[in-house]
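*Asks:* Provided herewith: work_28.pdb, PDB, C-alpha atoms.
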```pdb
ATOM      1  CA  MET C   1     -21.940  46.747 -23.207
ATOM      2  CA  ILE C   2     -19.225  48.419 -25.277
ATOM      3  CA  LYS C   3     -19.722  52.183 -25.627
ATOM      4  CA  ASN C   4     -16.735  53.743 -27.476
ATOM      5  CA  LEU C   5     -18.074  57.274 -27.885
ATOM      6  CA  SER C   6     -16.166  59.893 -29.849
ATOM      7  CA  SER C   7     -16.070  63.624 -29.283
ATOM      8  CA  ASN C   8     -13.844  64.559 -32.230
ATOM      9  CA  GLU C   9     -15.291  65.342 -35.652
ATOM     10  CA  GLU C  10     -12.316  66.855 -37.454
ATOM     11  CA  VAL C  11     -12.035  65.780 -41.100
ATOM     12  CA  LEU C  12      -8.442  64.465 -40.938
ATOM     13  CA  ILE C  13      -9.133  62.578 -37.696
ATOM     14  CA  SER C  14     -12.297  61.030 -39.192
ATOM     15  CA  GLU C  15     -10.375  59.895 -42.253
ATOM     16  CA  LEU C  16      -7.514  58.451 -40.191
ATOM     17  CA  ARG C  17     -10.042  56.639 -38.039
ATOM     18  CA  LYS C  18     -11.662  55.230 -41.197
ATOM     19  CA  ILE C  19      -8.291  53.821 -42.290
ATOM     20  CA  SER C  20      -7.896  52.266 -38.820
ATOM     21  CA  GLU C  21     -11.405  50.829 -39.109
ATOM     22  CA  ASP C  22     -10.463  49.211 -42.419
ATOM     23  CA  ARG C  23      -7.427  47.725 -40.689
ATOM     24  CA  GLY C  24      -9.736  46.448 -37.953
ATOM     25  CA  LEU C  25     -12.103  45.038 -40.590
ATOM     26  CA  ILE C  26      -9.371  43.030 -42.310
ATOM     27  CA  TYR C  27      -7.931  41.959 -38.941
ATOM     28  CA  TYR C  28     -11.379  40.830 -37.744
ATOM     29  CA  TYR C  29     -12.105  38.701 -40.794
ATOM     30  CA  LEU C  30      -8.619  37.172 -40.885
ATOM     31  CA  LEU C  31      -9.009  36.032 -37.255
ATOM     32  CA  LYS C  32     -12.677  35.054 -37.549
ATOM     33  CA  THR C  33     -12.073  33.063 -40.739
ATOM     34  CA  ALA C  34      -9.068  31.337 -39.176
ATOM     35  CA  GLN C  35     -11.061  30.440 -36.078
ATOM     36  CA  ASP C  36     -14.029  29.199 -38.135
ATOM     37  CA  LYS C  37     -11.649  26.940 -40.054
ATOM     38  CA  GLY C  38     -10.312  25.476 -36.817
ATOM     39  CA  PHE C  39      -7.049  27.400 -36.541
ATOM     40  CA  GLU C  40      -5.928  28.569 -33.099
ATOM     41  CA  ILE C  41      -5.760  32.377 -33.237
ATOM     42  CA  GLU C  42      -4.199  32.620 -29.762
ATOM     43  CA  GLY C  43      -1.120  31.047 -31.303
ATOM     44  CA  PHE C  44      -0.419  32.528 -34.693
ATOM     45  CA  ALA C  45      -2.193  35.881 -34.364
ATOM     46  CA  ARG C  46      -0.597  36.843 -31.021
ATOM     47  CA  LYS C  47       2.815  35.876 -32.365
ATOM     48  CA  ALA C  48       2.250  37.851 -35.576
ATOM     49  CA  ILE C  49       1.116  41.034 -33.862
ATOM     50  CA  ARG C  50       3.835  40.808 -31.197
ATOM     51  CA  LYS C  51       6.412  40.530 -33.977
ATOM     52  CA  LEU C  52       4.826  43.565 -35.627
ATOM     53  CA  GLY C  53       5.185  45.514 -32.403
ATOM     54  CA  GLN C  54       8.844  44.560 -32.102
ATOM     55  CA  SER C  55       9.417  45.699 -35.682
ATOM     56  CA  ASN C  56       8.004  49.144 -34.831
ATOM     57  CA  LYS C  57      10.968  49.995 -32.568
ATOM     58  CA  TYR C  58      12.545  52.185 -35.265
ATOM     59  CA  ARG C  59       9.637  54.622 -34.901
ATOM     60  CA  PHE C  60      10.299  55.250 -31.199
ATOM     61  CA  PRO C  61      13.161  56.713 -29.141
ATOM     62  CA  ASP C  62      15.974  54.294 -28.472
ATOM     63  CA  THR C  63      16.333  55.041 -24.778
ATOM     64  CA  ASN C  64      15.284  53.651 -21.413
ATOM     65  CA  ASP C  65      14.091  57.095 -20.321
ATOM     66  CA  LEU C  66      10.438  56.384 -19.614
ATOM     67  CA  ARG C  67       9.317  59.989 -20.038
ATOM     68  CA  GLU C  68      10.874  60.190 -23.489
ATOM     69  CA  VAL C  69       9.374  56.912 -24.729
ATOM     70  CA  VAL C  70       5.910  57.500 -23.262
ATOM     71  CA  GLY C  71       6.056  61.091 -24.438
ATOM     72  CA  SER C  72       6.441  59.824 -27.991
ATOM     73  CA  PHE C  73       3.136  57.931 -27.529
ATOM     74  CA  SER C  74       1.299  61.114 -26.768
ATOM     75  CA  LYS C  75       3.135  64.136 -28.162
ATOM     76  CA  LYS C  76       1.812  63.976 -31.742
ATOM     77  CA  GLU C  77      -1.429  65.903 -31.672
ATOM     78  CA  VAL C  78      -3.008  63.965 -34.535
ATOM     79  CA  ASN C  79      -2.324  60.609 -32.892
ATOM     80  CA  ARG C  80      -3.602  61.942 -29.563
ATOM     81  CA  LYS C  81      -6.833  63.046 -31.207
ATOM     82  CA  ILE C  82      -7.485  59.736 -33.006
ATOM     83  CA  PHE C  83      -7.645  57.878 -29.698
ATOM     84  CA  GLU C  84      -8.643  60.879 -27.532
ATOM     85  CA  LYS C  85      -5.639  60.158 -25.318
ATOM     86  CA  ASP C  86      -4.974  61.719 -21.921
ATOM     87  CA  VAL C  87      -1.668  61.444 -20.106
ATOM     88  CA  VAL C  88      -3.059  60.948 -16.629
ATOM     89  CA  ASP C  89       0.286  60.971 -14.845
ATOM     90  CA  MET C  90       3.954  60.551 -15.650
ATOM     91  CA  ASP C  91       7.226  60.623 -13.767
ATOM     92  CA  GLU C  92      10.584  58.947 -14.343
ATOM     93  CA  LYS C  93       9.355  55.577 -12.999
ATOM     94  CA  GLN C  94       5.791  55.165 -14.234
ATOM     95  CA  ALA C  95       3.129  56.648 -16.457
ATOM     96  CA  THR C  96      -0.551  56.158 -17.206
ATOM     97  CA  ILE C  97      -2.346  57.065 -20.417
ATOM     98  CA  HIS C  98      -6.093  56.789 -20.943
ATOM     99  CA  PHE C  99      -7.612  56.238 -24.392
ATOM    100  CA  HIS C 100     -11.217  57.389 -24.695
ATOM    101  CA  TYR C 101     -11.857  56.066 -28.210
ATOM    102  CA  CYS C 102     -10.725  53.118 -30.352
ATOM    103  CA  PRO C 103     -11.353  53.035 -34.131
ATOM    104  CA  MET C 104     -10.798  49.291 -34.426
ATOM    105  CA  THR C 105     -13.332  48.635 -31.666
ATOM    106  CA  SER C 106     -15.807  50.832 -33.541
ATOM    107  CA  ILE C 107     -15.768  48.455 -36.529
ATOM    108  CA  TRP C 108     -15.715  45.276 -34.438
ATOM    109  CA  ILE C 109     -18.933  46.236 -32.654
ATOM    110  CA  LYS C 110     -20.555  46.706 -36.076
ATOM    111  CA  LEU C 111     -19.430  43.230 -37.178
ATOM    112  CA  THR C 112     -20.411  41.202 -34.137
ATOM    113  CA  ASN C 113     -22.148  41.378 -30.767
ATOM    114  CA  ASP C 114     -19.915  38.612 -29.387
ATOM    115  CA  GLN C 115     -18.243  40.695 -26.661
ATOM    116  CA  LYS C 116     -16.050  37.792 -25.578
ATOM    117  CA  PHE C 117     -14.586  37.522 -29.077
ATOM    118  CA  ILE C 118     -14.129  41.301 -29.270
ATOM    119  CA  GLN C 119     -12.268  41.271 -25.935
ATOM    120  CA  GLN C 120     -10.060  38.447 -27.195
ATOM    121  CA  ILE C 121      -9.134  40.127 -30.485
ATOM    122  CA  CYS C 122      -8.613  43.427 -28.667
ATOM    123  CA  ASP C 123      -6.130  41.791 -26.321
ATOM    124  CA  ILE C 124      -4.391  40.114 -29.267
ATOM    125  CA  ALA C 125      -4.197  43.488 -31.031
ATOM    126  CA  MET C 126      -2.526  44.981 -27.958
ATOM    127  CA  GLU C 127       0.386  42.600 -28.558
ATOM    128  CA  VAL C 128       1.562  45.404 -30.851
ATOM    129  CA  ASP C 129       2.365  47.554 -27.827
ATOM    130  CA  ARG C 130       3.652  44.628 -25.746
ATOM    131  CA  GLY C 131       5.953  43.787 -28.662
ATOM    132  CA  LEU C 132       7.325  47.307 -28.787
ATOM    133  CA  PHE C 133       8.172  47.185 -25.082
ATOM    134  CA  ASP C 134       9.898  43.811 -25.535
ATOM    135  CA  THR C 135      12.580  45.865 -27.274
ATOM    136  CA  TYR C 136      13.330  48.008 -24.208
ATOM    137  CA  ASP C 137      15.649  46.609 -21.518
ATOM    138  CA  CYS C 138      14.232  48.625 -18.629
ATOM    139  CA  LEU C 139      10.686  49.547 -19.642
ATOM    140  CA  ASP C 140       7.480  47.553 -19.508
ATOM    141  CA  PHE C 141       3.847  47.977 -20.400
ATOM    142  CA  SER C 142       0.543  46.595 -19.208
ATOM    143  CA  LEU C 143      -3.094  47.075 -20.001
ATOM    144  CA  GLY C 144      -5.763  47.746 -17.390
ATOM    145  CA  LYS C 145      -9.438  48.395 -18.095
ATOM    146  CA  THR C 146     -10.446  48.462 -21.743
ATOM    147  CA  ILE C 147     -13.226  49.898 -23.858
ATOM    148  CA  CYS C 148     -13.774  46.346 -25.131
ATOM    149  CA  ASP C 149     -14.564  45.080 -21.632
ATOM    150  CA  GLY C 150     -17.233  47.747 -21.266
ATOM    151  CA  SER C 151     -15.170  50.511 -19.626
ATOM    152  CA  ASP C 152     -15.222  54.141 -20.743
ATOM    153  CA  ILE C 153     -11.460  54.066 -21.272
ATOM    154  CA  CYS C 154      -8.476  51.905 -22.088
ATOM    155  CA  GLU C 155      -5.822  52.193 -19.362
ATOM    156  CA  LEU C 156      -2.235  51.875 -20.547
ATOM    157  CA  PHE C 157       0.409  51.569 -17.820
ATOM    158  CA  PHE C 158       4.111  52.059 -18.404
ATOM    159  CA  TYR C 159       6.854  51.175 -15.930
ATOM    160  CA  LYS C 160      10.559  51.427 -15.365
ATOM    161  CA  VAL C 161      11.860  47.974 -14.404
ATOM    162  CA  GLU C 162      15.166  46.403 -13.448
ATOM    163  CA  LYS C 163      17.158  45.435 -16.532
ATOM    164  CA  ARG C 164      15.414  42.231 -17.457
ATOM    165  CA  LYS C 165      16.960  40.508 -20.417
ATOM    166  CA  SER C 166      19.801  40.583 -22.916
TER     167      SER C 166
ATOM    168  CA  MET B   1     -13.017  63.984 -58.384
ATOM    169  CA  THR B   2      -9.589  62.663 -59.188
ATOM    170  CA  GLU B   3      -6.332  64.596 -59.630
ATOM    171  CA  ASP B   4      -7.675  66.994 -56.989
ATOM    172  CA  THR B   5      -4.945  69.185 -55.610
ATOM    173  CA  LYS B   6      -7.287  71.221 -53.446
ATOM    174  CA  GLY B   7      -9.532  69.791 -50.774
ATOM    175  CA  ASN B   8      -8.980  69.130 -47.092
ATOM    176  CA  PHE B   9      -5.611  67.420 -47.219
ATOM    177  CA  GLY B  10      -2.276  69.051 -47.939
ATOM    178  CA  GLU B  11       1.165  67.499 -47.742
ATOM    179  CA  TYR B  12       1.169  67.365 -43.933
ATOM    180  CA  GLU B  13      -2.184  65.565 -43.763
ATOM    181  CA  VAL B  14      -1.363  63.198 -46.653
ATOM    182  CA  GLY B  15       1.771  62.157 -44.760
ATOM    183  CA  TYR B  16      -0.363  60.991 -41.849
ATOM    184  CA  LEU B  17      -2.860  59.285 -44.175
ATOM    185  CA  GLU B  18      -0.130  57.404 -46.040
ATOM    186  CA  ASP B  19       1.446  56.361 -42.760
ATOM    187  CA  ALA B  20      -1.910  54.940 -41.663
ATOM    188  CA  VAL B  21      -2.295  52.934 -44.884
ATOM    189  CA  GLU B  22       1.275  51.644 -44.514
ATOM    190  CA  ASN B  23       0.404  50.533 -40.998
ATOM    191  CA  THR B  24      -2.535  48.550 -42.415
ATOM    192  CA  GLY B  25      -0.140  46.936 -44.857
ATOM    193  CA  LYS B  26       2.150  45.906 -41.993
ATOM    194  CA  TRP B  27      -0.695  44.325 -40.002
ATOM    195  CA  TYR B  28      -1.858  42.444 -43.099
ATOM    196  CA  TYR B  29       1.685  41.284 -43.889
ATOM    197  CA  MET B  30       2.301  39.898 -40.395
ATOM    198  CA  LEU B  31      -1.105  38.240 -40.119
ATOM    199  CA  ALA B  32      -1.037  36.739 -43.625
ATOM    200  CA  THR B  33       2.481  35.344 -43.252
ATOM    201  CA  GLY B  34       1.690  34.156 -39.726
ATOM    202  CA  ALA B  35      -1.467  32.470 -40.971
ATOM    203  CA  LEU B  36       0.455  30.690 -43.721
ATOM    204  CA  GLU B  37       3.027  29.469 -41.185
ATOM    205  CA  ALA B  38       0.145  28.140 -39.060
ATOM    206  CA  GLY B  39      -1.094  26.103 -42.005
ATOM    207  CA  MET B  40      -3.713  28.364 -43.542
ATOM    208  CA  SER B  41      -3.723  28.630 -47.325
ATOM    209  CA  TRP B  42      -3.743  31.670 -49.572
ATOM    210  CA  ASN B  43      -7.333  30.700 -50.446
ATOM    211  CA  ASP B  44      -8.251  30.865 -46.744
ATOM    212  CA  ILE B  45      -6.739  34.343 -46.571
ATOM    213  CA  ARG B  46      -8.577  35.350 -49.770
ATOM    214  CA  GLU B  47     -11.825  34.178 -48.200
ATOM    215  CA  ALA B  48     -11.246  36.504 -45.245
ATOM    216  CA  ILE B  49     -10.289  39.447 -47.456
ATOM    217  CA  ARG B  50     -13.363  38.908 -49.649
ATOM    218  CA  LYS B  51     -15.630  39.007 -46.610
ATOM    219  CA  ALA B  52     -14.065  42.331 -45.653
ATOM    220  CA  GLY B  53     -14.647  43.548 -49.217
ATOM    221  CA  TYR B  54     -18.312  42.530 -49.206
ATOM    222  CA  TYR B  55     -18.770  44.467 -45.957
ATOM    223  CA  LYS B  56     -17.164  47.557 -47.470
ATOM    224  CA  GLY B  57     -19.254  47.264 -50.631
ATOM    225  CA  TYR B  58     -22.534  47.167 -48.723
ATOM    226  CA  ASN B  59     -21.606  49.715 -46.056
ATOM    227  CA  ASP B  60     -18.972  52.201 -47.251
ATOM    228  CA  TYR B  61     -20.233  53.312 -50.664
ATOM    229  CA  PRO B  62     -23.520  54.534 -52.148
ATOM    230  CA  ARG B  63     -25.713  51.671 -53.292
ATOM    231  CA  THR B  64     -26.258  52.773 -56.879
ATOM    232  CA  SER B  65     -26.170  51.389 -60.408
ATOM    233  CA  ASP B  66     -24.584  54.685 -61.528
ATOM    234  CA  LEU B  67     -20.890  53.874 -61.919
ATOM    235  CA  GLN B  68     -19.962  57.533 -62.223
ATOM    236  CA  ALA B  69     -21.674  58.399 -58.928
ATOM    237  CA  PHE B  70     -19.994  55.409 -57.311
ATOM    238  CA  ALA B  71     -16.583  56.433 -58.654
ATOM    239  CA  LYS B  72     -16.945  59.890 -57.095
ATOM    240  CA  ALA B  73     -17.459  58.343 -53.645
ATOM    241  CA  TYR B  74     -14.890  55.567 -54.120
ATOM    242  CA  ALA B  75     -12.095  57.815 -55.356
ATOM    243  CA  LYS B  76     -12.340  60.165 -52.411
ATOM    244  CA  GLU B  77      -9.664  62.724 -51.631
ATOM    245  CA  SER B  78      -7.633  60.622 -49.196
ATOM    246  CA  PHE B  79      -7.586  57.655 -51.605
ATOM    247  CA  VAL B  80      -6.602  59.850 -54.556
ATOM    248  CA  LYS B  81      -3.797  61.605 -52.702
ATOM    249  CA  THR B  82      -2.305  58.617 -50.867
ATOM    250  CA  ARG B  83      -2.177  56.611 -54.102
ATOM    251  CA  LYS B  84      -1.289  59.531 -56.416
ATOM    252  CA  LEU B  85      -4.276  58.356 -58.394
ATOM    253  CA  LYS B  86      -4.877  59.455 -61.996
ATOM    254  CA  LYS B  87      -8.180  59.000 -63.755
ATOM    255  CA  VAL B  88      -7.787  57.394 -67.195
ATOM    256  CA  ALA B  89     -11.441  56.932 -68.146
ATOM    257  CA  LEU B  90     -14.836  57.309 -66.533
ATOM    258  CA  THR B  91     -17.994  56.541 -68.481
ATOM    259  CA  GLU B  92     -21.349  54.938 -67.741
ATOM    260  CA  ASP B  93     -19.771  51.520 -68.155
ATOM    261  CA  LYS B  94     -16.173  51.734 -67.067
ATOM    262  CA  PHE B  95     -13.868  53.437 -64.581
ATOM    263  CA  ILE B  96     -10.177  53.046 -65.247
ATOM    264  CA  TYR B  97      -7.575  54.622 -63.008
ATOM    265  CA  GLU B  98      -3.869  54.461 -62.354
ATOM    266  CA  VAL B  99      -2.126  54.258 -59.000
ATOM    267  CA  HIS B 100       1.320  55.838 -59.031
ATOM    268  CA  HIS B 101       2.218  55.218 -55.385
ATOM    269  CA  CYS B 102       1.277  52.254 -53.196
ATOM    270  CA  PRO B 103       1.763  52.603 -49.432
ATOM    271  CA  LEU B 104       0.890  48.911 -49.057
ATOM    272  CA  VAL B 105       3.737  47.703 -51.283
ATOM    273  CA  LYS B 106       6.016  50.137 -49.459
ATOM    274  CA  SER B 107       5.024  48.546 -46.145
ATOM    275  CA  TRP B 108       5.679  44.996 -47.386
ATOM    276  CA  LYS B 109       9.104  45.980 -48.681
ATOM    277  CA  HIS B 110       9.889  46.929 -45.074
ATOM    278  CA  PHE B 111       9.776  43.200 -44.247
ATOM    279  CA  THR B 112      10.779  41.365 -47.395
ATOM    280  CA  ASP B 113      12.424  41.677 -50.776
ATOM    281  CA  ASP B 114      10.730  38.491 -52.028
ATOM    282  CA  LYS B 115       9.078  39.780 -55.219
ATOM    283  CA  GLU B 116       6.860  36.742 -55.615
ATOM    284  CA  LEU B 117       5.531  37.126 -52.073
ATOM    285  CA  ILE B 118       4.893  40.844 -52.561
ATOM    286  CA  SER B 119       3.037  40.135 -55.805
ATOM    287  CA  LYS B 120       0.921  37.463 -54.083
ATOM    288  CA  LEU B 121       0.156  39.697 -51.077
ATOM    289  CA  CYS B 122      -1.009  42.367 -53.502
ATOM    290  CA  ASP B 123      -3.166  40.071 -55.594
ATOM    291  CA  VAL B 124      -4.860  38.600 -52.522
ATOM    292  CA  TYR B 125      -5.339  42.067 -50.988
ATOM    293  CA  MET B 126      -6.991  43.255 -54.198
ATOM    294  CA  ASP B 127      -9.733  40.708 -53.568
ATOM    295  CA  LEU B 128     -10.947  43.387 -51.145
ATOM    296  CA  GLU B 129     -11.650  45.723 -54.073
ATOM    297  CA  ARG B 130     -12.855  42.921 -56.359
ATOM    298  CA  SER B 131     -15.395  41.960 -53.709
ATOM    299  CA  VAL B 132     -16.554  45.549 -53.292
ATOM    300  CA  MET B 133     -17.325  45.625 -57.014
ATOM    301  CA  GLU B 134     -18.930  42.192 -56.902
ATOM    302  CA  THR B 135     -21.595  43.614 -54.560
ATOM    303  CA  TYR B 136     -22.579  45.902 -57.453
ATOM    304  CA  GLY B 137     -22.364  43.204 -60.108
ATOM    305  CA  TRP B 138     -19.258  44.891 -61.549
ATOM    306  CA  ASN B 139     -15.857  43.502 -62.450
ATOM    307  CA  LEU B 140     -12.459  44.798 -61.290
ATOM    308  CA  GLU B 141      -9.262  43.799 -63.011
ATOM    309  CA  VAL B 142      -5.710  44.733 -62.183
ATOM    310  CA  GLU B 143      -4.088  45.160 -65.590
ATOM    311  CA  LYS B 144      -0.735  46.410 -64.328
ATOM    312  CA  ALA B 145       0.680  46.388 -60.818
ATOM    313  CA  ILE B 146       3.484  48.154 -58.965
ATOM    314  CA  SER B 147       3.862  44.898 -57.012
ATOM    315  CA  LYS B 148       4.792  43.163 -60.272
ATOM    316  CA  GLY B 149       7.445  45.725 -61.066
ATOM    317  CA  ASN B 150       5.375  48.078 -63.194
ATOM    318  CA  ASN B 151       5.697  51.847 -62.715
ATOM    319  CA  ASN B 152       2.035  52.095 -61.848
ATOM    320  CA  CYS B 153      -1.087  50.011 -61.250
ATOM    321  CA  THR B 154      -3.881  50.155 -63.821
ATOM    322  CA  ILE B 155      -7.239  49.261 -62.313
ATOM    323  CA  CYS B 156     -10.235  48.643 -64.571
ATOM    324  CA  ILE B 157     -13.739  48.556 -63.172
ATOM    325  CA  ARG B 158     -16.374  47.549 -65.683
ATOM    326  CA  LYS B 159     -20.073  46.915 -65.619
ATOM    327  CA  GLY B 160     -20.979  43.557 -66.978
ATOM    328  CA  ASN B 161     -21.441  39.924 -66.127
ATOM    329  CA  ILE B 162     -19.215  38.510 -63.415
TER     330      ILE B 162
END
```
Represent the supplied structure as structure tokens.
*Replies:*
Amino acid sequence: MIKNLSSNEEVLISELRKISEDRGLIYYYLLKTAQDKGFEIEGFARKAIRKLGQSNKYRFPDTNDLREVVGSFSKKEVNRKIFEKDVVDMDEKQATIHFHYCPMTSIWIKLTNDQKFIQQICDIAMEVDRGLFDTYDCLDFSLGKTICDGSDICELFFYKVEKRKS
Amino acid sequence: MTEDTKGNFGEYEVGYLEDAVENTGKWYYMLATGALEAGMSWNDIREAIRKAGYYKGYNDYPRTSDLQAFAKAYAKESFVKTRKLKKVALTEDKFIYEVHHCPLVKSWKHFTDDKELISKLCDVYMDLERSVMETYGWNLEVEKAISKGNNNCTICIRKGNI
């Protein structure tokens, strides 16, 4: 069962979460409608969100210094509060961040009790972060446990890797 | 209600709120254009957006026949400030407002300068708001739009047959 419990009630954070929920609402119905009409969301939706992630590069440091890039994920207090993020550990080779809350999940669990579908659209949504890390030669990203699979947290792992592509 | 310069959100907070709305615009842009490439039609996308609008209408706003009470909840501080919204008229039967800044159009211009596409994205997206009003039996018309090259959007919500 998906929990997704929040401990932050600040006005700005609530409003930012509401905007994220609206994004999740539109995203949900675009994917659900596509699927209901027989379109394969694994194809077009993953590609679309991955491309979105790649386009976000301008918002992040252009460096292969893992601490600097991961730091930018967590240094803004407002962003940290929206997702109730914790930097669990970080050194020059790897980092782990835990998210304790997800606004998009909060709307999805209102729209459906199909946990399998929620897990699928969550993983597709995470293409946004995978896409961002496509743009770094020596950094990579993976997802561990997620709130959508019933965990208390989302685990985001970041790694330094050998230069992998041109 | 509108043109509120006080409230919870100053310039710093509005920056974050606008950024969040722009992010929504980017997700919508990528998914809509990706869906079209996959063979979906604009009508398919409209159908999805309308469903989202019906949900918002039934869940996000007070269920009332009082348009003025509705308008107070609908034009909340974050909406007013992120859109630089100006109230033109609010009576028992109509609510007309202007939008002088659109973070959504700004987000689409990040990806394309195709004016026809931007105009279409906007019109389809506005089915969200049209559907909200439909749940009340009200009509929403976009009489002017930034996405069409106007300086502002003029949105008219009227009670009446739809």
*Asks:* What are the nearest atom pairs, with distances in Å to one decimal, for all residues of chain C that come at most 10 Å from chain B, using all atoms listed in the file, set out by chain and rising residue number as JSON lines?
*Replies:*
```
{"residue": "C:Val11", "atom": "CA", "partner": "B:Asn8", "partner_atom": "CA", "distance": 7.5}
{"residue": "C:Leu12", "atom": "CA", "partner": "B:Glu13", "partner_atom": "CA", "distance": 7.0}
{"residue": "C:Ile13", "atom": "CA", "partner": "B:Leu17", "partner_atom": "CA", "distance": 9.6}
{"residue": "C:Glu15", "atom": "CA", "partner": "B:Ser78", "partner_atom": "CA", "distance": 7.5}
{"residue": "C:Leu16", "atom": "CA", "partner": "B:Leu17", "partner_atom": "CA", "distance": 6.2}
{"residue": "C:Arg17", "atom": "CA", "partner": "B:Ala20", "partner_atom": "CA", "distance": 9.1}
{"residue": "C:Lys18", "atom": "CA", "partner": "B:Ala20", "partner_atom": "CA", "distance": 9.8}
{"residue": "C:Ile19", "atom": "CA", "partner": "B:Ala20", "partner_atom": "CA", "distance": 6.5}
{"residue": "C:Ser20", "atom": "CA", "partner": "B:Ala20", "partner_atom": "CA", "distance": 7.1}
{"residue": "C:Glu21", "atom": "CA", "partner": "B:Thr24", "partner_atom": "CA", "distance": 9.7}
{"residue": "C:Asp22", "atom": "CA", "partner": "B:Thr24", "partner_atom": "CA", "distance": 8.0}
{"residue": "C:Arg23", "atom": "CA", "partner": "B:Thr24", "partner_atom": "CA", "distance": 5.3}
{"residue": "C:Gly24", "atom": "CA", "partner": "B:Thr24", "partner_atom": "CA", "distance": 8.7}
{"residue": "C:Leu25", "atom": "CA", "partner": "B:Ala52", "partner_atom": "CA", "distance": 6.1}
{"residue": "C:Ile26", "atom": "CA", "partner": "B:Ala52", "partner_atom": "CA", "distance": 5.8}
{"residue": "C:Tyr27", "atom": "CA", "partner": "B:Tyr28", "partner_atom": "CA", "distance": 7.4}
{"residue": "C:Tyr28", "atom": "CA", "partner": "B:Ala52", "partner_atom": "CA", "distance": 8.5}
{"residue": "C:Tyr29", "atom": "CA", "partner": "B:Ala48", "partner_atom": "CA", "distance": 5.0}
{"residue": "C:Leu30", "atom": "CA", "partner": "B:Ala48", "partner_atom": "CA", "distance": 5.1}
{"residue": "C:Leu31", "atom": "CA", "partner": "B:Ala48", "partner_atom": "CA", "distance": 8.3}
{"residue": "C:Lys32", "atom": "CA", "partner": "B:Ala48", "partner_atom": "CA", "distance": 8.0}
{"residue": "C:Thr33", "atom": "CA", "partner": "B:Ala48", "partner_atom": "CA", "distance": 5.7}
{"residue": "C:Ala34", "atom": "CA", "partner": "B:Met40", "partner_atom": "CA", "distance": 7.5}
{"residue": "C:Lys37", "atom": "CA", "partner": "B:Asp44", "partner_atom": "CA", "distance": 8.5}
{"residue": "C:Gly38", "atom": "CA", "partner": "B:Met40", "partner_atom": "CA", "distance": 9.9}
{"residue": "C:Phe39", "atom": "CA", "partner": "B:Ala38", "partner_atom": "CA", "distance": 7.7}
{"residue": "C:Glu40", "atom": "CA", "partner": "B:Ala38", "partner_atom": "CA", "distance": 8.5}
{"residue": "C:Ile41", "atom": "CA", "partner": "B:Ala35", "partner_atom": "CA", "distance": 8.8}
{"residue": "C:Gly43", "atom": "CA", "partner": "B:Ala38", "partner_atom": "CA", "distance": 8.4}
{"residue": "C:Phe44", "atom": "CA", "partner": "B:Gly34", "partner_atom": "CA", "distance": 5.7}
{"residue": "C:Ala45", "atom": "CA", "partner": "B:Leu31", "partner_atom": "CA", "distance": 6.3}
{"residue": "C:Arg46", "atom": "CA", "partner": "B:Leu31", "partner_atom": "CA", "distance": 9.2}
{"residue": "C:Lys47", "atom": "CA", "partner": "B:Gly34", "partner_atom": "CA", "distance": 7.6}
{"residue": "C:Ala48", "atom": "CA", "partner": "B:Met30", "partner_atom": "CA", "distance": 5.2}
{"residue": "C:Ile49", "atom": "CA", "partner": "B:Met30", "partner_atom": "CA", "distance": 6.7}
{"residue": "C:Arg50", "atom": "CA", "partner": "B:Met30", "partner_atom": "CA", "distance": 9.4}
{"residue": "C:Lys51", "atom": "CA", "partner": "B:Met30", "partner_atom": "CA", "distance": 7.6}
{"residue": "C:Leu52", "atom": "CA", "partner": "B:Met30", "partner_atom": "CA", "distance": 6.5}
{"residue": "C:Gly53", "atom": "CA", "partner": "B:Trp27", "partner_atom": "CA", "distance": 9.7}
{"residue": "C:Ser55", "atom": "CA", "partner": "B:Phe111", "partner_atom": "CA", "distance": 8.9}
{"residue": "C:Asn56", "atom": "CA", "partner": "B:Lys26", "partner_atom": "CA", "distance": 9.8}
{"residue": "C:Val78", "atom": "CA", "partner": "B:Tyr16", "partner_atom": "CA", "distance": 8.3}
{"residue": "C:Asn79", "atom": "CA", "partner": "B:Tyr16", "partner_atom": "CA", "distance": 9.2}
{"residue": "C:Leu111", "atom": "CA", "partner": "B:Tyr55", "partner_atom": "CA", "distance": 8.9}
{"residue": "C:Ala125", "atom": "CA", "partner": "B:Trp27", "partner_atom": "CA", "distance": 9.7}
{"residue": "C:Val128", "atom": "CA", "partner": "B:Trp27", "partner_atom": "CA", "distance": 9.5}
```
*Asks:* Between B:Thr64, B:Ser147, B:Thr135, B:Asn43, which residue has the minimum interatomic distance to B:Glu116, considering all atoms listed in the file?
*Replies:*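 Closest to B:Glu116, using all atoms listed in the file: B:Ser147.
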*Asks:* Identify, on the basis of only C-alpha atoms, every residue whose closest approach to B:Lys115 does not exceed 8 Å; exclude the query and any residue fewer than 3 positions from it along the same chain; express the result as a ChimeraX atom specification.
*Replies:* /B:118-119,147-148
*Asks:* Compute the distance from (8.7, 43.4, -26.2) to each atom, counting all atoms listed in the file, keep the residues with any atom at most 12 Å away, and return them as a PyMOL selection string; use the coordinates of the file.
*Replies:* chain C and resi 47+49-57+126-142+164-166
*Asks:* Considering only C-alpha atoms, can you say which of B:Trp138, B:Val124, B:Glu92, B:Gly7 comes closest to B:Lys76?
*Replies:* B:Gly7
*Asks:* Exactly which residues make up the result of the PyMOL selection byres ((chain C and resi 73) around 12) on this file, given as a PyMOL selection string?
*Replies:* chain C and resi 59-61+66-72+74-81+83+85-87+95-99+129+132+156-158
*Asks:* Taking the file as I've supplied it (selection: the PyMOL selection byres ((chain B and resi 86) around 8)), which residues are included? Please answer as a PyMOL selection string.
*Replies:* chain B and resi 2-3+80+84-85+87-88+97-100
*Asks:* Which residues are near C:Gln115? Cut-off 12 Å, only C-alpha atoms, ignore same chain within fewer than 3 positions. Put them as a ChimeraX atom specification.
*Replies:* /C:1-3,105,108-112,118-122,147-150
